[in-house]
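Here is the file work34.pdb (PDB, C-alpha atoms, pLDDT in the B column).
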```
ATOM      1  CA  MET A   1       1.928  24.372  -7.809  1.00 39.00           C
ATOM      2  CA  ASN A   2       4.537  23.362 -10.371  1.00 46.00           C
ATOM      3  CA  LYS A   3       6.320  20.080 -10.853  1.00 52.00           C
ATOM      4  CA  LYS A   4       9.326  21.247  -8.791  1.00 52.00           C
ATOM      5  CA  ASP A   5       7.042  21.671  -5.766  1.00 50.00           C
ATOM      6  CA  ILE A   6       5.967  18.035  -5.898  1.00 60.00           C
ATOM      7  CA  ARG A   7       8.311  15.692  -4.063  1.00 71.00           C
ATOM      8  CA  ALA A   8       8.359  11.982  -4.855  1.00 82.00           C
ATOM      9  CA  GLU A   9       7.828   9.668  -1.895  1.00 90.00           C
ATOM     10  CA  PHE A  10      10.763   7.455  -2.939  1.00 93.00           C
ATOM     11  CA  SER A  11      13.445   9.467  -4.725  1.00 93.00           C
ATOM     12  CA  ARG A  12      16.911   8.269  -5.778  1.00 95.00           C
ATOM     13  CA  ILE A  13      18.289  10.681  -8.371  1.00 93.00           C
ATOM     14  CA  VAL A  14      21.314   9.957 -10.540  1.00 94.00           C
ATOM     15  CA  THR A  15      22.862  12.587 -12.780  1.00 92.00           C
ATOM     16  CA  PRO A  16      24.544  12.038 -16.139  1.00 88.00           C
ATOM     17  CA  GLU A  17      27.848  12.700 -14.338  1.00 90.00           C
ATOM     18  CA  ASP A  18      27.077   9.862 -11.878  1.00 90.00           C
ATOM     19  CA  ILE A  19      26.265   7.496 -14.746  1.00 90.00           C
ATOM     20  CA  GLY A  20      29.328   8.106 -16.913  1.00 88.00           C
ATOM     21  CA  GLU A  21      29.859   5.010 -19.062  1.00 90.00           C
ATOM     22  CA  GLY A  22      27.363   3.030 -16.984  1.00 92.00           C
ATOM     23  CA  LEU A  23      26.135   2.544 -13.470  1.00 94.00           C
ATOM     24  CA  GLU A  24      24.714  -0.303 -11.412  1.00 96.00           C
ATOM     25  CA  ARG A  25      22.667   0.578  -8.392  1.00 95.00           C
ATOM     26  CA  THR A  26      20.560  -1.329  -5.854  1.00 97.00           C
ATOM     27  CA  ILE A  27      17.956   0.837  -4.173  1.00 97.00           C
ATOM     28  CA  SER A  28      15.544   0.135  -1.308  1.00 97.00           C
ATOM     29  CA  ALA A  29      12.743   2.189   0.179  1.00 97.00           C
ATOM     30  CA  ARG A  30      12.923   3.210   3.840  1.00 97.00           C
ATOM     31  CA  PRO A  31       9.951   2.633   6.217  1.00 97.00           C
ATOM     32  CA  ALA A  32       8.606   6.209   5.907  1.00 96.00           C
ATOM     33  CA  GLU A  33       8.874   5.989   2.108  1.00 96.00           C
ATOM     34  CA  LEU A  34       7.020   2.647   2.124  1.00 97.00           C
ATOM     35  CA  GLU A  35       4.190   4.189   4.167  1.00 96.00           C
ATOM     36  CA  ALA A  36       3.916   7.171   1.812  1.00 96.00           C
ATOM     37  CA  LEU A  37       3.927   4.922  -1.275  1.00 96.00           C
ATOM     38  CA  ALA A  38       1.228   2.698   0.257  1.00 96.00           C
ATOM     39  CA  ARG A  39      -0.975   5.774   0.761  1.00 95.00           C
ATOM     40  CA  ARG A  40      -0.342   6.914  -2.818  1.00 95.00           C
ATOM     41  CA  MET A  41      -1.161   3.474  -4.249  1.00 95.00           C
ATOM     42  CA  LYS A  42      -4.085   2.956  -1.836  1.00 95.00           C
ATOM     43  CA  LEU A  43      -2.601  -0.254  -0.420  1.00 96.00           C
ATOM     44  CA  PRO A  44      -2.963  -1.417   3.194  1.00 96.00           C
ATOM     45  CA  SER A  45       0.855  -1.519   3.327  1.00 96.00           C
ATOM     46  CA  ILE A  46       4.046  -2.020   1.401  1.00 97.00           C
ATOM     47  CA  ARG A  47       6.441  -4.034   3.540  1.00 97.00           C
ATOM     48  CA  SER A  48       9.467  -3.845   1.253  1.00 97.00           C
ATOM     49  CA  LEU A  49      10.476  -2.408  -2.105  1.00 97.00           C
ATOM     50  CA  SER A  50      13.880  -2.776  -3.721  1.00 97.00           C
ATOM     51  CA  ALA A  51      15.361  -2.882  -7.192  1.00 97.00           C
ATOM     52  CA  ALA A  52      18.651  -3.785  -8.840  1.00 97.00           C
ATOM     53  CA  LEU A  53      19.146  -1.436 -11.792  1.00 97.00           C
ATOM     54  CA  ARG A  54      21.651  -0.856 -14.593  1.00 97.00           C
ATOM     55  CA  VAL A  55      21.851   2.551 -16.259  1.00 96.00           C
ATOM     56  CA  ARG A  56      23.687   2.703 -19.591  1.00 95.00           C
ATOM     57  CA  PRO A  57      24.157   5.466 -22.160  1.00 93.00           C
ATOM     58  CA  GLU A  58      22.007   4.971 -25.259  1.00 90.00           C
ATOM     59  CA  GLY A  59      21.799   7.125 -28.365  1.00 81.00           C
ATOM     60  CA  ARG A  60      22.683  10.803 -28.284  1.00 82.00           C
ATOM     61  CA  GLY A  61      22.588  11.814 -24.642  1.00 83.00           C
ATOM     62  CA  GLY A  62      19.973   9.200 -23.720  1.00 89.00           C
ATOM     63  CA  TYR A  63      20.098   6.536 -21.023  1.00 93.00           C
ATOM     64  CA  ARG A  64      18.460   3.110 -20.776  1.00 95.00           C
ATOM     65  CA  VAL A  65      17.497   1.907 -17.285  1.00 96.00           C
ATOM     66  CA  ARG A  66      16.976  -1.830 -16.922  1.00 97.00           C
ATOM     67  CA  GLY A  67      16.608  -4.081 -13.943  1.00 97.00           C
ATOM     68  CA  ARG A  68      14.193  -5.898 -11.684  1.00 98.00           C
ATOM     69  CA  LEU A  69      12.113  -4.790  -8.732  1.00 97.00           C
ATOM     70  CA  ASN A  70      10.929  -6.892  -5.826  1.00 97.00           C
ATOM     71  CA  ALA A  71       8.209  -5.843  -3.417  1.00 97.00           C
ATOM     72  CA  GLU A  72       6.215  -7.327  -0.570  1.00 98.00           C
ATOM     73  CA  VAL A  73       2.799  -5.684  -0.322  1.00 97.00           C
ATOM     74  CA  ASP A  74      -0.496  -6.214   1.443  1.00 97.00           C
ATOM     75  CA  GLN A  75      -3.595  -6.032  -0.750  1.00 96.00           C
ATOM     76  CA  GLU A  76      -7.331  -6.197  -0.124  1.00 95.00           C
ATOM     77  CA  CYS A  77      -9.097  -9.179  -1.713  1.00 92.00           C
ATOM     78  CA  VAL A  78     -11.906  -8.119  -4.053  1.00 90.00           C
ATOM     79  CA  ARG A  79     -13.858 -11.257  -3.137  1.00 87.00           C
ATOM     80  CA  THR A  80     -13.607 -11.342   0.651  1.00 88.00           C
ATOM     81  CA  LEU A  81     -12.232  -7.875   1.537  1.00 90.00           C
ATOM     82  CA  GLU A  82      -9.553  -9.635   3.597  1.00 92.00           C
ATOM     83  CA  ILE A  83      -6.030  -8.231   3.654  1.00 95.00           C
ATOM     84  CA  PHE A  84      -3.470 -10.686   2.296  1.00 95.00           C
ATOM     85  CA  PRO A  85       0.253 -10.559   1.486  1.00 96.00           C
ATOM     86  CA  ALA A  86       1.480 -10.566  -2.113  1.00 96.00           C
ATOM     87  CA  THR A  87       4.890 -10.630  -3.741  1.00 96.00           C
ATOM     88  CA  VAL A  88       5.429  -8.430  -6.779  1.00 97.00           C
ATOM     89  CA  THR A  89       8.364  -8.820  -9.134  1.00 97.00           C
ATOM     90  CA  ALA A  90       8.648  -6.848 -12.341  1.00 97.00           C
ATOM     91  CA  GLU A  91      11.118  -5.961 -15.041  1.00 96.00           C
ATOM     92  CA  VAL A  92      12.159  -2.323 -15.281  1.00 95.00           C
ATOM     93  CA  ASP A  93      13.027  -1.060 -18.762  1.00 95.00           C
ATOM     94  CA  ARG A  94      12.800   2.641 -19.581  1.00 94.00           C
ATOM     95  CA  LEU A  95      14.561   5.001 -21.974  1.00 93.00           C
ATOM     96  CA  PHE A  96      15.345   8.566 -20.878  1.00 92.00           C
ATOM     97  CA  VAL A  97      16.266  11.278 -23.403  1.00 89.00           C
ATOM     98  CA  PRO A  98      17.419  14.889 -22.992  1.00 84.00           C
ATOM     99  CA  ALA A  99      14.755  17.607 -23.302  1.00 76.00           C
ATOM    100  CA  ASP A 100      16.420  18.975 -26.439  1.00 72.00           C
ATOM    101  CA  SER A 101      16.598  15.611 -28.247  1.00 64.00           C
ATOM    102  CA  PRO A 102      14.576  14.932 -31.428  1.00 62.00           C
ATOM    103  CA  ALA A 103      12.522  12.295 -29.552  1.00 58.00           C
ATOM    104  CA  ALA A 104      11.606  14.785 -26.804  1.00 54.00           C
ATOM    105  CA  ARG A 105      10.744  17.493 -29.333  1.00 53.00           C
ATOM    106  CA  ALA A 106       8.524  15.041 -31.217  1.00 55.00           C
ATOM    107  CA  LEU A 107       6.695  14.193 -27.991  1.00 54.00           C
ATOM    108  CA  SER A 108       6.010  17.821 -27.116  1.00 53.00           C
ATOM    109  CA  ALA A 109       5.250  18.931 -30.700  1.00 51.00           C
ATOM    110  CA  THR A 110       2.410  16.516 -31.414  1.00 55.00           C
ATOM    111  CA  GLY A 111       0.372  17.136 -28.285  1.00 57.00           C
ATOM    112  CA  VAL A 112      -1.545  13.948 -29.174  1.00 56.00           C
ATOM    113  CA  THR A 113      -0.504  10.518 -28.020  1.00 57.00           C
ATOM    114  CA  GLU A 114      -1.657   7.487 -29.937  1.00 61.00           C
ATOM    115  CA  LEU A 115      -2.115   4.404 -27.829  1.00 58.00           C
ATOM    116  CA  ASP A 116      -0.803   1.205 -29.336  1.00 62.00           C
ATOM    117  CA  ALA A 117      -0.345  -1.732 -26.983  1.00 64.00           C
ATOM    118  CA  ASP A 118       2.315  -3.250 -29.227  1.00 65.00           C
ATOM    119  CA  ALA A 119       4.314  -0.061 -29.734  1.00 64.00           C
ATOM    120  CA  PRO A 120       7.339   0.604 -27.539  1.00 68.00           C
ATOM    121  CA  ASP A 121       6.816   3.062 -24.707  1.00 72.00           C
ATOM    122  CA  ALA A 122       7.626   6.669 -25.471  1.00 78.00           C
ATOM    123  CA  PRO A 123      10.873   7.774 -23.837  1.00 82.00           C
ATOM    124  CA  ASP A 124      10.884   9.828 -20.653  1.00 84.00           C
ATOM    125  CA  ILE A 125      12.575  13.195 -20.604  1.00 84.00           C
ATOM    126  CA  ILE A 126      15.546  13.624 -18.290  1.00 85.00           C
ATOM    127  CA  ALA A 127      14.632  16.172 -15.618  1.00 86.00           C
ATOM    128  CA  GLU A 128      16.968  19.054 -14.729  1.00 86.00           C
ATOM    129  CA  GLU A 129      18.140  17.257 -11.613  1.00 88.00           C
ATOM    130  CA  GLY A 130      18.672  13.903 -13.367  1.00 90.00           C
ATOM    131  CA  ILE A 131      16.947  10.534 -13.573  1.00 93.00           C
ATOM    132  CA  ASP A 132      14.883   9.575 -10.524  1.00 94.00           C
ATOM    133  CA  LEU A 133      15.379   5.825 -10.153  1.00 95.00           C
ATOM    134  CA  GLY A 134      13.121   5.705  -7.079  1.00 95.00           C
ATOM    135  CA  GLU A 135      10.177   7.241  -8.928  1.00 95.00           C
ATOM    136  CA  LEU A 136      10.789   4.907 -11.876  1.00 95.00           C
ATOM    137  CA  VAL A 137      10.635   1.900  -9.532  1.00 96.00           C
ATOM    138  CA  SER A 138       7.502   3.316  -7.824  1.00 96.00           C
ATOM    139  CA  GLU A 139       5.748   3.759 -11.180  1.00 95.00           C
ATOM    140  CA  THR A 140       6.727   0.246 -12.273  1.00 96.00           C
ATOM    141  CA  LEU A 141       5.382  -1.198  -9.016  1.00 97.00           C
ATOM    142  CA  ALA A 142       2.075   0.682  -9.413  1.00 96.00           C
ATOM    143  CA  LEU A 143       1.683  -0.636 -12.966  1.00 95.00           C
ATOM    144  CA  SER A 144       2.557  -4.189 -11.875  1.00 96.00           C
ATOM    145  CA  LEU A 145      -0.047  -4.473  -9.105  1.00 96.00           C
ATOM    146  CA  ASP A 146      -3.036  -6.706  -9.779  1.00 94.00           C
ATOM    147  CA  PRO A 147      -5.984  -4.318 -10.257  1.00 93.00           C
ATOM    148  CA  TRP A 148      -8.376  -7.021  -8.990  1.00 93.00           C
ATOM    149  CA  PRO A 149      -6.397  -8.794  -6.257  1.00 94.00           C
ATOM    150  CA  LYS A 150      -7.785 -12.127  -5.101  1.00 92.00           C
ATOM    151  CA  LYS A 151      -6.603 -13.851  -1.961  1.00 91.00           C
ATOM    152  CA  PRO A 152      -5.245 -17.308  -2.786  1.00 89.00           C
ATOM    153  CA  GLY A 153      -7.788 -20.011  -1.988  1.00 85.00           C
ATOM    154  CA  THR A 154     -10.870 -17.849  -2.460  1.00 81.00           C
ATOM    155  CA  ASP A 155     -11.869 -19.527  -5.718  1.00 76.00           C
ATOM    156  CA  TYR A 156     -14.892 -21.706  -4.969  1.00 62.00           C
ATOM    157  CA  VAL A 157     -14.474 -25.135  -6.442  1.00 50.00           C
ATOM    158  CA  ASP A 158     -16.965 -27.871  -5.554  1.00 52.00           C
ATOM    159  CA  MET A 159     -14.727 -30.904  -5.114  1.00 50.00           C
ATOM    160  CA  GLU A 160     -17.791 -33.145  -4.720  1.00 58.00           C
ATOM    161  CA  ALA A 161     -19.326 -32.181  -8.045  1.00 60.00           C
ATOM    162  CA  ARG A 162     -19.078 -34.834 -10.730  1.00 63.00           C
ATOM    163  CA  ALA A 163     -21.126 -35.978 -13.661  1.00 67.00           C
ATOM    164  CA  PRO A 164     -23.712 -38.698 -12.928  1.00 66.00           C
ATOM    165  CA  GLU A 165     -22.475 -42.059 -14.184  1.00 77.00           C
ATOM    166  CA  THR A 166     -25.540 -44.319 -14.186  1.00 84.00           C
ATOM    167  CA  PRO A 167     -29.107 -43.802 -15.446  1.00 86.00           C
ATOM    168  CA  GLU A 168     -30.348 -43.940 -11.838  1.00 87.00           C
ATOM    169  CA  GLU A 169     -27.937 -41.185 -10.785  1.00 82.00           C
ATOM    170  CA  ARG A 170     -28.989 -39.061 -13.764  1.00 82.00           C
ATOM    171  CA  ALA A 171     -32.684 -39.525 -12.885  1.00 85.00           C
ATOM    172  CA  ALA A 172     -32.058 -38.669  -9.217  1.00 83.00           C
ATOM    173  CA  GLU A 173     -30.135 -35.531 -10.233  1.00 81.00           C
ATOM    174  CA  GLU A 174     -32.954 -34.515 -12.603  1.00 82.00           C
ATOM    175  CA  ARG A 175     -35.544 -34.956  -9.785  1.00 81.00           C
ATOM    176  CA  ALA A 176     -33.398 -32.879  -7.406  1.00 79.00           C
ATOM    177  CA  ARG A 177     -32.983 -30.152 -10.033  1.00 78.00           C
ATOM    178  CA  GLU A 178     -36.761 -30.153 -10.639  1.00 77.00           C
ATOM    179  CA  GLU A 179     -37.439 -29.832  -6.874  1.00 75.00           C
ATOM    180  CA  ARG A 180     -35.113 -26.799  -6.673  1.00 73.00           C
ATOM    181  CA  ASN A 181     -36.850 -25.159  -9.624  1.00 73.00           C
ATOM    182  CA  PRO A 182     -39.254 -22.508  -8.282  1.00 73.00           C
ATOM    183  CA  PHE A 183     -41.634 -23.069 -11.220  1.00 75.00           C
ATOM    184  CA  SER A 184     -42.124 -26.700 -10.288  1.00 71.00           C
ATOM    185  CA  VAL A 185     -43.926 -25.535  -7.131  1.00 67.00           C
ATOM    186  CA  LEU A 186     -46.342 -23.529  -9.284  1.00 73.00           C
ATOM    187  CA  LYS A 187     -46.800 -26.499 -11.605  1.00 72.00           C
ATOM    188  CA  ASN A 188     -47.761 -28.727  -8.672  1.00 69.00           C
ATOM    189  CA  LEU A 189     -50.244 -26.120  -7.360  1.00 73.00           C
ATOM    190  CA  LYS A 190     -51.981 -26.094 -10.731  1.00 66.00           C
ATOM    191  CA  SER A 191     -52.777 -29.775 -10.653  1.00 59.00           C
TER     192      SER A 191
END
```
Render the structure in this file as structure tokens.
Amino acid sequence: MNKKDIRAEFSRIVTPEDIGEGLERTISARPAELEALARRMKLPSIRSLSAALRVRPEGRGGYRVRGRLNAEVDQECVRTLEIFPATVTAEVDRLFVPADSPAARALSATGVTELDADAPDAPDIIAEEGIDLGELVSETLALSLDPWPKKPGTDYVDMEARAPETPEERAAEERAREERNPFSVLKNLKS
């Protein structure tokens, strides 16, 4: 199976001819696309996904895509395993270059990618059919999801806990701590 045989769940392709001197586009996923993306990202559901994007020419034959995505998803809490709703917003910023550009040739020539968290992302290569804004938004959403989602309110905080203020309170707390200590039972058996 080659890359042409693989179809993106959420595809909105723009060609260089569509872009011209610049293009602004708002895209939204349809219900069937949301279901397919949820399966791909292993989410209980994605209720909405949209993005407002600007595509502008940059460099020799390249294009910069910038914008913002908004999504409403359901995630599974890693603490309680409950499903809970979450809102995801993320900035989209990606550079696309033609396959015959120096940047694209450098990417394919090295064969080795060095990972540097502070370095700018390597550009994407413009596919034959154009730039797929839907797939770009899908990838950005996947990278923006919390890998360890926690339902709000599942942090345990003991509101009653406070430091003892008087010597009597400190002594009572020490006695209670000693009674909870399993070794104190052994100590009492010894005597």
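For the atom pair formed by CA of Val14 (chain A) and CA of Gly62 (chain A), the distance is 13.3 Å, given to one decimal.
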**Item:** Result set of the PyMOL selection byres ((chain A and resi 89-103) around 8) on the coordinates above, as JSON, numbers by chain
**Value:** {"A": [53, 60, 61, 62, 63, 64, 65, 66, 67, 68, 69, 70, 71, 87, 88, 104, 105, 106, 107, 121, 122, 123, 124, 125, 126, 127, 131, 137, 140, 141, 144]}
**Prompt:** What does the PyMOL selection byres ((chain A and resi 29-42) around 12) select in this file, as a ChimeraX atom specification?
**Reply:** /A:7-12,26-28,43-51,69-76,133-135,137-147
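Interatomic distance, CA of Arg79 (chain A) against CA of Trp148 (chain A): 9.1 Å.
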**Request:** Mind giving me the straight-line distance from CA of Ala172 (chain A) to CA of Asp155 (chain A) in Å, one decimal?
**Result:** 28.0 Å
